[in-house]
Amino acid sequence: MQTETRTIPGTAIQLPVLGFGGAPIGNLYRQVQEQEAIDAVEAAWEGGVRYFDTAPHYGLGLSERRLGKALAGQDRNSYVLSTKVGRLLRPNPSPNGKDTEGFDVPDDLVRVRDYSREGVLRSIEESLQRLGTDRIDIVFIHDPDDYWSEAVDGAAPTLSALRDEGVIGAWGTGMNQSEMLARFVTETDIDVIMLAGRYTLLEQGAAADLLPACLERKVGVVNVGVFNSGLLSKDRPARDATYNYQPAPPQLLDRANLLADICESHGTTLPAAALRYPYQHPAVTSVVLGMRTPEQVKQNLDLASQAVPDQLWAELRNRGLIT
């Protein structure tokens, strides 16, 4: 599975169907030692992964630096690299010691939201330096939820021009919601979206509007958050499992346990089905999983290699649990 690719419509990018998500090696929630982070990237490479995603936001640049270091010895033409724009990193005038946006790193830098043309160009240049590479294949506008006008008037045309000039291979937008992504798909000449948590085994809200629009407009979909921030990541959901990075409400825990029961009855597991499910939709180009350690990489690659019977999807649809 790791070596399978799907083309982002309208571009020359052959996107591997499974990607390495770089937020965890930016010390998401807890510290990861430098060597362990690099070992995780190398384990993914050895396992056949050839798509790597990161962002300046992840650890205030730490994820980009570590990813660049880990990939430094690889042929640049042999993998796909994506990062994001919208948050410039600038010296923090009043640091308090630790980052306050979920990453266990010093707060010597601060994120400055900037979706303007100048901000996008600066962000790409600085990402290239941190990554130690000469090009970025895909650039995503990162979380423009409260910056629609700035992103559409500034970032979108800038990225379109860079794509048309051959500076980048494709551009997109990454968000945790489907409504604004659907607007990007229908109102801009976007190539690909990164959809977080809104098309999973647990919930398929994006199937109503966003994914059909992507098919119609020939826009690729990179699906992330397929475990709904933890609720679908174990064979049997833990009582303290999280959903959208908060404690999962009882009704969703019940639903996840029901899904787990049905998966077991078909000889598979909840996380294996959760990983495989997004590929059922023809709009989905790739799935990216956050990976922190070599052990976690191996677990994810093992999951990706597990077969999931078609009868499972049929039963889940018959019972109204998936679309």
# chains A, B, ... in the order shown; residues from 1 in each chain; ligands from 1
$ residues_around --residues "A:Val192" --least-positions-apart "5" --cutoff "6 Å" --atoms "only C-alpha atoms" --output "list in words"
Gly172, Val219, Gly220 and Val221 of chain A
$ select_by_dssp --residues "stretch 126-302 of chain A" --states "strand (DSSP E or B)" --output "PyMOL selection string"
chain A and resi 138-142+170-175+192-196+220-224+242-243+246-247+284-290
$ write_last_selection --atoms "N, CA, C and O atoms" --output "compact mmCIF listing (two decimals), in the first residue's frame"
# COMPACT_ATOMS: atom_id res chain seq x y z
N ILE A 138 3.81 20.58 -2.41
CA ILE A 138 2.44 21.04 -2.14
C ILE A 138 2.49 22.05 -1.00
O ILE A 138 3.11 21.79 0.04
N VAL A 139 1.82 23.18 -1.18
CA VAL A 139 1.71 24.19 -0.13
C VAL A 139 0.24 24.33 0.25
O VAL A 139 -0.61 24.61 -0.60
N PHE A 140 -0.05 24.13 1.53
CA PHE A 140 -1.42 24.28 2.04
C PHE A 140 -1.56 25.60 2.80
O PHE A 140 -0.68 25.97 3.59
N ILE A 141 -2.66 26.30 2.57
CA ILE A 141 -3.05 27.42 3.42
C ILE A 141 -3.57 26.81 4.72
O ILE A 141 -4.52 26.04 4.72
N HIS A 142 -2.97 27.19 5.84
CA HIS A 142 -3.20 26.50 7.11
C HIS A 142 -4.25 27.21 7.96
O HIS A 142 -4.07 28.36 8.36
N ALA A 170 1.63 22.07 -6.53
CA ALA A 170 0.20 22.18 -6.29
C ALA A 170 -0.01 22.98 -5.02
O ALA A 170 0.90 23.14 -4.21
N TRP A 171 -1.25 23.49 -4.86
CA TRP A 171 -1.56 24.17 -3.60
C TRP A 171 -2.94 23.77 -3.13
O TRP A 171 -3.77 23.29 -3.90
N GLY A 172 -3.14 23.97 -1.83
CA GLY A 172 -4.42 23.60 -1.25
C GLY A 172 -4.68 24.35 0.04
O GLY A 172 -4.00 25.33 0.37
N THR A 173 -5.67 23.87 0.77
CA THR A 173 -6.04 24.44 2.06
C THR A 173 -6.26 23.30 3.04
O THR A 173 -6.87 22.30 2.68
N GLY A 174 -5.78 23.46 4.27
CA GLY A 174 -5.97 22.44 5.30
C GLY A 174 -6.76 22.99 6.46
O GLY A 174 -6.41 24.03 7.02
N MET A 175 -7.86 22.28 6.81
CA MET A 175 -8.74 22.76 7.87
C MET A 175 -9.41 21.60 8.60
O MET A 175 -9.45 20.48 8.10
N VAL A 192 -5.95 20.76 -4.26
CA VAL A 192 -6.06 19.69 -3.28
C VAL A 192 -6.46 20.30 -1.94
O VAL A 192 -6.14 21.45 -1.66
N ILE A 193 -7.17 19.55 -1.13
CA ILE A 193 -7.49 19.99 0.22
C ILE A 193 -6.95 18.99 1.22
O ILE A 193 -6.73 17.81 0.89
N MET A 194 -6.70 19.46 2.44
CA MET A 194 -6.36 18.58 3.55
C MET A 194 -7.51 18.68 4.54
O MET A 194 -7.74 19.72 5.15
N LEU A 195 -8.25 17.59 4.67
CA LEU A 195 -9.47 17.53 5.48
C LEU A 195 -9.18 16.77 6.76
O LEU A 195 -8.81 15.60 6.73
N ALA A 196 -9.37 17.44 7.90
CA ALA A 196 -9.02 16.86 9.20
C ALA A 196 -10.27 16.44 9.97
O ALA A 196 -11.03 17.29 10.43
N GLY A 220 -8.09 17.12 -5.46
CA GLY A 220 -7.66 16.00 -4.65
C GLY A 220 -7.97 16.21 -3.18
O GLY A 220 -8.17 17.34 -2.71
N VAL A 221 -8.01 15.11 -2.43
CA VAL A 221 -8.31 15.16 -1.00
C VAL A 221 -7.25 14.38 -0.23
O VAL A 221 -7.06 13.18 -0.47
N VAL A 222 -6.54 15.08 0.65
CA VAL A 222 -5.66 14.43 1.62
C VAL A 222 -6.44 14.36 2.93
O VAL A 222 -6.78 15.39 3.51
N ASN A 223 -6.76 13.15 3.36
CA ASN A 223 -7.60 12.96 4.54
C ASN A 223 -6.70 12.72 5.76
O ASN A 223 -5.83 11.85 5.74
N VAL A 224 -6.92 13.50 6.80
CA VAL A 224 -6.13 13.36 8.03
C VAL A 224 -7.10 13.28 9.21
O VAL A 224 -8.29 13.48 9.06
N THR A 242 -10.22 10.39 23.50
CA THR A 242 -10.51 11.76 23.11
C THR A 242 -11.16 11.81 21.73
O THR A 242 -10.97 10.94 20.89
N TYR A 243 -11.93 12.87 21.54
CA TYR A 243 -12.56 13.17 20.26
C TYR A 243 -12.41 14.68 20.04
O TYR A 243 -12.75 15.47 20.93
N GLN A 246 -10.72 16.53 22.85
CA GLN A 246 -11.42 16.69 24.12
C GLN A 246 -11.94 15.32 24.54
O GLN A 246 -12.04 14.40 23.72
N PRO A 247 -12.30 15.14 25.83
CA PRO A 247 -12.87 13.86 26.24
C PRO A 247 -14.09 13.51 25.38
O PRO A 247 -14.97 14.34 25.16
N VAL A 284 -10.87 10.72 -2.43
CA VAL A 284 -9.72 10.69 -1.51
C VAL A 284 -8.46 10.24 -2.25
O VAL A 284 -8.43 9.17 -2.85
N THR A 285 -7.44 11.07 -2.17
CA THR A 285 -6.17 10.81 -2.86
C THR A 285 -5.17 10.15 -1.93
O THR A 285 -4.41 9.27 -2.33
N SER A 286 -5.13 10.60 -0.67
CA SER A 286 -4.13 10.11 0.27
C SER A 286 -4.66 10.24 1.69
O SER A 286 -5.55 11.06 1.97
N VAL A 287 -4.10 9.44 2.58
CA VAL A 287 -4.36 9.54 4.02
C VAL A 287 -3.03 9.78 4.71
O VAL A 287 -2.05 9.08 4.44
N VAL A 288 -2.98 10.78 5.57
CA VAL A 288 -1.76 11.10 6.32
C VAL A 288 -1.99 10.79 7.79
O VAL A 288 -3.00 11.21 8.37
N LEU A 289 -1.05 10.07 8.39
CA LEU A 289 -1.11 9.72 9.80
C LEU A 289 0.04 10.39 10.54
O LEU A 289 1.19 10.32 10.09
N GLY A 290 -0.26 11.00 11.66
CA GLY A 290 0.80 11.54 12.51
C GLY A 290 1.63 10.41 13.09
O GLY A 290 1.08 9.41 13.57
$ residues_around --residues "A:Ser233" --least-positions-apart "2" --cutoff "12 Å" --atoms "only C-alpha atoms" --output "ChimeraX atom specification"
/A:200-202,225-231,235-238,241-243,256-257,260,269-275,289-290,296,299-300,303
$ select_by_dssp --residues "stretch 38-96 of chain A" --states "helix (DSSP H, G or I)" --output "list in words"
Ile38, Asp39, Ala40, Val41, Glu42, Ala43, Ala44, Trp45, Glu46, Leu62, Ser63, Glu64, Arg65, Arg66, Leu67, Gly68, Lys69, Ala70, Leu71, Arg76, Asn77 and Ser78 of chain A
$ write_last_selection --atoms "N, CA, C and O atoms" --output "CSV table (one decimal), in the first residue's frame"
chain,number,residue,atom,x,y,z
A,38,ILE,N,14.1,11.6,14.3
A,38,ILE,CA,14.7,11.2,13.0
A,38,ILE,C,14.6,9.8,12.7
A,38,ILE,O,14.4,9.4,11.5
A,39,ASP,N,14.7,8.9,13.7
A,39,ASP,CA,14.5,7.5,13.5
A,39,ASP,C,13.1,7.2,13.0
A,39,ASP,O,12.9,6.2,12.2
A,40,ALA,N,12.1,7.9,13.5
A,40,ALA,CA,10.8,7.7,13.1
A,40,ALA,C,10.6,8.0,11.6
A,40,ALA,O,10.0,7.2,10.8
A,41,VAL,N,11.2,9.1,11.1
A,41,VAL,CA,11.2,9.4,9.7
A,41,VAL,C,11.9,8.3,8.9
A,41,VAL,O,11.4,7.9,7.8
A,42,GLU,N,13.0,7.9,9.4
A,42,GLU,CA,13.8,6.9,8.7
A,42,GLU,C,13.1,5.5,8.6
A,42,GLU,O,13.1,4.8,7.6
A,43,ALA,N,12.4,5.2,9.7
A,43,ALA,CA,11.6,4.0,9.8
A,43,ALA,C,10.4,4.0,8.7
A,43,ALA,O,10.1,3.0,8.1
A,44,ALA,N,9.8,5.2,8.6
A,44,ALA,CA,8.8,5.4,7.6
A,44,ALA,C,9.3,5.2,6.2
A,44,ALA,O,8.7,4.5,5.4
A,45,TRP,N,10.5,5.8,6.0
A,45,TRP,CA,11.2,5.6,4.7
A,45,TRP,C,11.4,4.2,4.4
A,45,TRP,O,11.1,3.7,3.3
A,46,GLU,N,12.0,3.5,5.3
A,46,GLU,CA,12.3,2.1,5.1
A,46,GLU,C,11.1,1.2,4.9
A,46,GLU,O,11.1,0.2,4.2
A,62,LEU,N,10.1,23.3,14.6
A,62,LEU,CA,10.9,22.1,15.0
A,62,LEU,C,10.6,20.9,14.1
A,62,LEU,O,11.6,20.2,13.6
A,63,SER,N,9.4,20.7,13.7
A,63,SER,CA,9.0,19.6,12.8
A,63,SER,C,9.7,19.8,11.5
A,63,SER,O,10.2,18.8,10.9
A,64,GLU,N,9.7,21.0,10.9
A,64,GLU,CA,10.3,21.2,9.6
A,64,GLU,C,11.8,20.9,9.7
A,64,GLU,O,12.4,20.3,8.8
A,65,ARG,N,12.5,21.4,10.7
A,65,ARG,CA,13.9,21.2,10.9
A,65,ARG,C,14.3,19.7,11.0
A,65,ARG,O,15.2,19.2,10.4
A,66,ARG,N,13.5,19.0,11.8
A,66,ARG,CA,13.8,17.6,12.0
A,66,ARG,C,13.5,16.8,10.8
A,66,ARG,O,14.3,15.9,10.4
A,67,LEU,N,12.4,17.1,10.1
A,67,LEU,CA,12.1,16.4,8.9
A,67,LEU,C,13.2,16.6,7.8
A,67,LEU,O,13.6,15.7,7.1
A,68,GLY,N,13.6,17.9,7.7
A,68,GLY,CA,14.6,18.2,6.7
A,68,GLY,C,15.9,17.5,7.0
A,68,GLY,O,16.6,16.9,6.1
A,69,LYS,N,16.3,17.4,8.3
A,69,LYS,CA,17.5,16.7,8.7
A,69,LYS,C,17.4,15.2,8.4
A,69,LYS,O,18.3,14.6,7.8
A,70,ALA,N,16.2,14.6,8.6
A,70,ALA,CA,16.0,13.2,8.4
A,70,ALA,C,16.0,12.8,6.9
A,70,ALA,O,16.5,11.7,6.6
A,71,LEU,N,15.6,13.7,6.1
A,71,LEU,CA,15.5,13.4,4.7
A,71,LEU,C,16.7,13.9,3.9
A,71,LEU,O,16.7,13.7,2.6
A,76,ARG,N,15.9,13.9,-3.7
A,76,ARG,CA,14.7,14.8,-3.6
A,76,ARG,C,13.6,14.5,-4.6
A,76,ARG,O,12.4,14.8,-4.4
A,77,ASN,N,13.9,13.8,-5.7
A,77,ASN,CA,12.9,13.5,-6.7
A,77,ASN,C,12.1,12.2,-6.3
A,77,ASN,O,11.2,11.8,-7.0
A,78,SER,N,12.5,11.6,-5.2
A,78,SER,CA,11.9,10.3,-4.8
A,78,SER,C,10.8,10.4,-3.8
A,78,SER,O,10.3,9.4,-3.4
$ residues_around --residues "stretch 16-30 of chain A" --least-positions-apart "2" --cutoff "7 Å" --atoms "only C-alpha atoms" --output "ChimeraX atom specification"
/A:2-6,14,32,37,49-54,58-59,62-63,102-105,285-292
$ residues_around --residues "A:Arg163" --least-positions-apart "2" --cutoff "12 Å" --atoms "only C-alpha atoms" --output "PDB file with N, CA and C atoms, in the first residue's frame"
ATOM      1  N   GLY A  10      -5.207  17.309 -12.412  1.00  0.00           N
ATOM      2  CA  GLY A  10      -4.732  18.536 -13.033  1.00  0.00           C
ATOM      3  C   GLY A  10      -3.290  18.889 -12.743  1.00  0.00           C
ATOM      4  N   THR A  11      -2.569  18.009 -12.031  1.00  0.00           N
ATOM      5  CA  THR A  11      -1.170  18.268 -11.704  1.00  0.00           C
ATOM      6  C   THR A  11      -0.322  17.065 -12.118  1.00  0.00           C
ATOM      7  N   ALA A  12       0.983  17.215 -11.986  1.00  0.00           N
ATOM      8  CA  ALA A  12       1.895  16.109 -12.279  1.00  0.00           C
ATOM      9  C   ALA A  12       2.279  15.339 -11.018  1.00  0.00           C
ATOM     10  N   ILE A  13       1.664  15.669  -9.882  1.00  0.00           N
ATOM     11  CA  ILE A  13       2.070  15.061  -8.616  1.00  0.00           C
ATOM     12  C   ILE A  13       1.402  13.710  -8.425  1.00  0.00           C
ATOM     13  N   ARG A 135      12.811  22.889  -2.917  1.00  0.00           N
ATOM     14  CA  ARG A 135      11.436  23.064  -3.387  1.00  0.00           C
ATOM     15  C   ARG A 135      10.454  22.346  -2.465  1.00  0.00           C
ATOM     16  N   ILE A 136       9.218  22.839  -2.520  1.00  0.00           N
ATOM     17  CA  ILE A 136       8.104  22.223  -1.799  1.00  0.00           C
ATOM     18  C   ILE A 136       7.081  21.803  -2.846  1.00  0.00           C
ATOM     19  N   ASP A 137       6.629  20.565  -2.768  1.00  0.00           N
ATOM     20  CA  ASP A 137       5.733  20.054  -3.797  1.00  0.00           C
ATOM     21  C   ASP A 137       4.305  20.579  -3.640  1.00  0.00           C
ATOM     22  N   ILE A 138       3.809  20.578  -2.413  1.00  0.00           N
ATOM     23  CA  ILE A 138       2.442  21.043  -2.140  1.00  0.00           C
ATOM     24  C   ILE A 138       2.490  22.046  -0.996  1.00  0.00           C
ATOM     25  N   VAL A 139       1.820  23.183  -1.183  1.00  0.00           N
ATOM     26  CA  VAL A 139       1.713  24.190  -0.125  1.00  0.00           C
ATOM     27  C   VAL A 139       0.240  24.331   0.251  1.00  0.00           C
ATOM     28  N   ALA A 156      -4.347  32.649  -1.989  1.00  0.00           N
ATOM     29  CA  ALA A 156      -4.786  31.817  -3.116  1.00  0.00           C
ATOM     30  C   ALA A 156      -4.197  32.265  -4.453  1.00  0.00           C
ATOM     31  N   PRO A 157      -4.339  33.535  -4.850  1.00  0.00           N
ATOM     32  CA  PRO A 157      -3.751  33.920  -6.135  1.00  0.00           C
ATOM     33  C   PRO A 157      -2.230  33.833  -6.152  1.00  0.00           C
ATOM     34  N   THR A 158      -1.604  34.068  -5.012  1.00  0.00           N
ATOM     35  CA  THR A 158      -0.145  33.943  -4.945  1.00  0.00           C
ATOM     36  C   THR A 158       0.283  32.508  -5.195  1.00  0.00           C
ATOM     37  N   LEU A 159      -0.397  31.561  -4.549  1.00  0.00           N
ATOM     38  CA  LEU A 159      -0.044  30.159  -4.720  1.00  0.00           C
ATOM     39  C   LEU A 159      -0.394  29.669  -6.127  1.00  0.00           C
ATOM     40  N   SER A 160      -1.492  30.172  -6.685  1.00  0.00           N
ATOM     41  CA  SER A 160      -1.819  29.811  -8.067  1.00  0.00           C
ATOM     42  C   SER A 160      -0.712  30.254  -9.019  1.00  0.00           C
ATOM     43  N   ALA A 161      -0.205  31.467  -8.797  1.00  0.00           N
ATOM     44  CA  ALA A 161       0.871  31.973  -9.657  1.00  0.00           C
ATOM     45  C   ALA A 161       2.139  31.144  -9.493  1.00  0.00           C
ATOM     46  N   GLU A 165       3.878  28.977 -12.424  1.00  0.00           N
ATOM     47  CA  GLU A 165       5.278  29.244 -12.789  1.00  0.00           C
ATOM     48  C   GLU A 165       6.169  28.026 -12.561  1.00  0.00           C
ATOM     49  N   GLY A 166       5.622  26.976 -11.964  1.00  0.00           N
ATOM     50  CA  GLY A 166       6.397  25.768 -11.708  1.00  0.00           C
ATOM     51  C   GLY A 166       7.222  25.809 -10.441  1.00  0.00           C
ATOM     52  N   VAL A 167       7.028  26.853  -9.612  1.00  0.00           N
ATOM     53  CA  VAL A 167       7.782  26.957  -8.360  1.00  0.00           C
ATOM     54  C   VAL A 167       7.310  25.903  -7.364  1.00  0.00           C
ATOM     55  N   ILE A 168       6.004  25.659  -7.312  1.00  0.00           N
ATOM     56  CA  ILE A 168       5.432  24.588  -6.498  1.00  0.00           C
ATOM     57  C   ILE A 168       4.621  23.691  -7.423  1.00  0.00           C
ATOM     58  N   GLY A 169       4.348  22.481  -6.975  1.00  0.00           N
ATOM     59  CA  GLY A 169       3.616  21.554  -7.830  1.00  0.00           C
ATOM     60  C   GLY A 169       2.111  21.691  -7.717  1.00  0.00           C
ATOM     61  N   ALA A 170       1.634  22.066  -6.529  1.00  0.00           N
ATOM     62  CA  ALA A 170       0.198  22.178  -6.293  1.00  0.00           C
ATOM     63  C   ALA A 170      -0.011  22.981  -5.019  1.00  0.00           C
ATOM     64  N   TRP A 171      -1.249  23.489  -4.856  1.00  0.00           N
ATOM     65  CA  TRP A 171      -1.556  24.175  -3.602  1.00  0.00           C
ATOM     66  C   TRP A 171      -2.944  23.774  -3.127  1.00  0.00           C
ATOM     67  N   GLY A 172      -3.142  23.966  -1.833  1.00  0.00           N
ATOM     68  CA  GLY A 172      -4.416  23.596  -1.245  1.00  0.00           C
ATOM     69  C   GLY A 172      -4.682  24.346   0.038  1.00  0.00           C
ATOM     70  N   ASP A 189      -9.209  28.204  -7.743  1.00  0.00           N
ATOM     71  CA  ASP A 189      -8.673  27.136  -8.610  1.00  0.00           C
ATOM     72  C   ASP A 189      -7.702  26.248  -7.827  1.00  0.00           C
ATOM     73  N   ILE A 190      -8.122  25.854  -6.662  1.00  0.00           N
ATOM     74  CA  ILE A 190      -7.372  24.995  -5.760  1.00  0.00           C
ATOM     75  C   ILE A 190      -7.137  23.621  -6.389  1.00  0.00           C
ATOM     76  N   ASP A 191      -6.034  22.967  -6.006  1.00  0.00           N
ATOM     77  CA  ASP A 191      -5.700  21.638  -6.526  1.00  0.00           C
ATOM     78  C   ASP A 191      -6.070  20.511  -5.576  1.00  0.00           C
TER      79      ASP A 191
END
$ residues_around --residues "A:Ala155" --least-positions-apart "4" --cutoff "8 Å" --atoms "only C-alpha atoms" --output "VMD selection string"
chain A and resid 115 to 117 120 141 150 to 151 159
$ write_last_selection --atoms "N, CA, C and O atoms" --output "PDB file, in the first residue's frame"
ATOM      1  N   TYR A 115      -1.735  35.882   5.791  1.00  0.00           N
ATOM      2  CA  TYR A 115      -2.176  35.187   4.586  1.00  0.00           C
ATOM      3  C   TYR A 115      -2.019  36.080   3.348  1.00  0.00           C
ATOM      4  O   TYR A 115      -2.581  35.789   2.297  1.00  0.00           O
ATOM      5  N   SER A 116      -1.230  37.130   3.478  1.00  0.00           N
ATOM      6  CA  SER A 116      -1.004  38.045   2.361  1.00  0.00           C
ATOM      7  C   SER A 116      -0.001  37.454   1.377  1.00  0.00           C
ATOM      8  O   SER A 116       0.679  36.455   1.668  1.00  0.00           O
ATOM      9  N   ARG A 117       0.109  38.080   0.212  1.00  0.00           N
ATOM     10  CA  ARG A 117       1.091  37.628  -0.774  1.00  0.00           C
ATOM     11  C   ARG A 117       2.490  37.652  -0.175  1.00  0.00           C
ATOM     12  O   ARG A 117       3.250  36.676  -0.298  1.00  0.00           O
ATOM     13  N   VAL A 120       2.942  34.896   2.414  1.00  0.00           N
ATOM     14  CA  VAL A 120       3.083  33.575   1.801  1.00  0.00           C
ATOM     15  C   VAL A 120       4.498  33.382   1.249  1.00  0.00           C
ATOM     16  O   VAL A 120       5.138  32.348   1.477  1.00  0.00           O
ATOM     17  N   ILE A 141      -2.662  26.295   2.569  1.00  0.00           N
ATOM     18  CA  ILE A 141      -3.046  27.423   3.423  1.00  0.00           C
ATOM     19  C   ILE A 141      -3.566  26.811   4.723  1.00  0.00           C
ATOM     20  O   ILE A 141      -4.518  26.036   4.721  1.00  0.00           O
ATOM     21  N   GLU A 150      -8.586  37.359   3.562  1.00  0.00           N
ATOM     22  CA  GLU A 150      -7.145  37.462   3.389  1.00  0.00           C
ATOM     23  C   GLU A 150      -6.603  36.273   2.600  1.00  0.00           C
ATOM     24  O   GLU A 150      -5.740  36.416   1.729  1.00  0.00           O
ATOM     25  N   ALA A 151      -7.123  35.064   2.901  1.00  0.00           N
ATOM     26  CA  ALA A 151      -6.633  33.868   2.226  1.00  0.00           C
ATOM     27  C   ALA A 151      -7.035  33.851   0.757  1.00  0.00           C
ATOM     28  O   ALA A 151      -6.237  33.483  -0.109  1.00  0.00           O
ATOM     29  N   LEU A 159      -0.397  31.561  -4.549  1.00  0.00           N
ATOM     30  CA  LEU A 159      -0.044  30.159  -4.720  1.00  0.00           C
ATOM     31  C   LEU A 159      -0.394  29.669  -6.127  1.00  0.00           C
ATOM     32  O   LEU A 159       0.340  28.857  -6.700  1.00  0.00           O
TER      33      LEU A 159
END
$ atom_distance --atom1 "atom CA of A:Leu211" --atom2 "atom CA of A:Ser149"
22.9 Å
$ atom_distance --atom1 "atom CA of A:Ser123" --atom2 "atom CA of A:Gln35"
26.4 Å
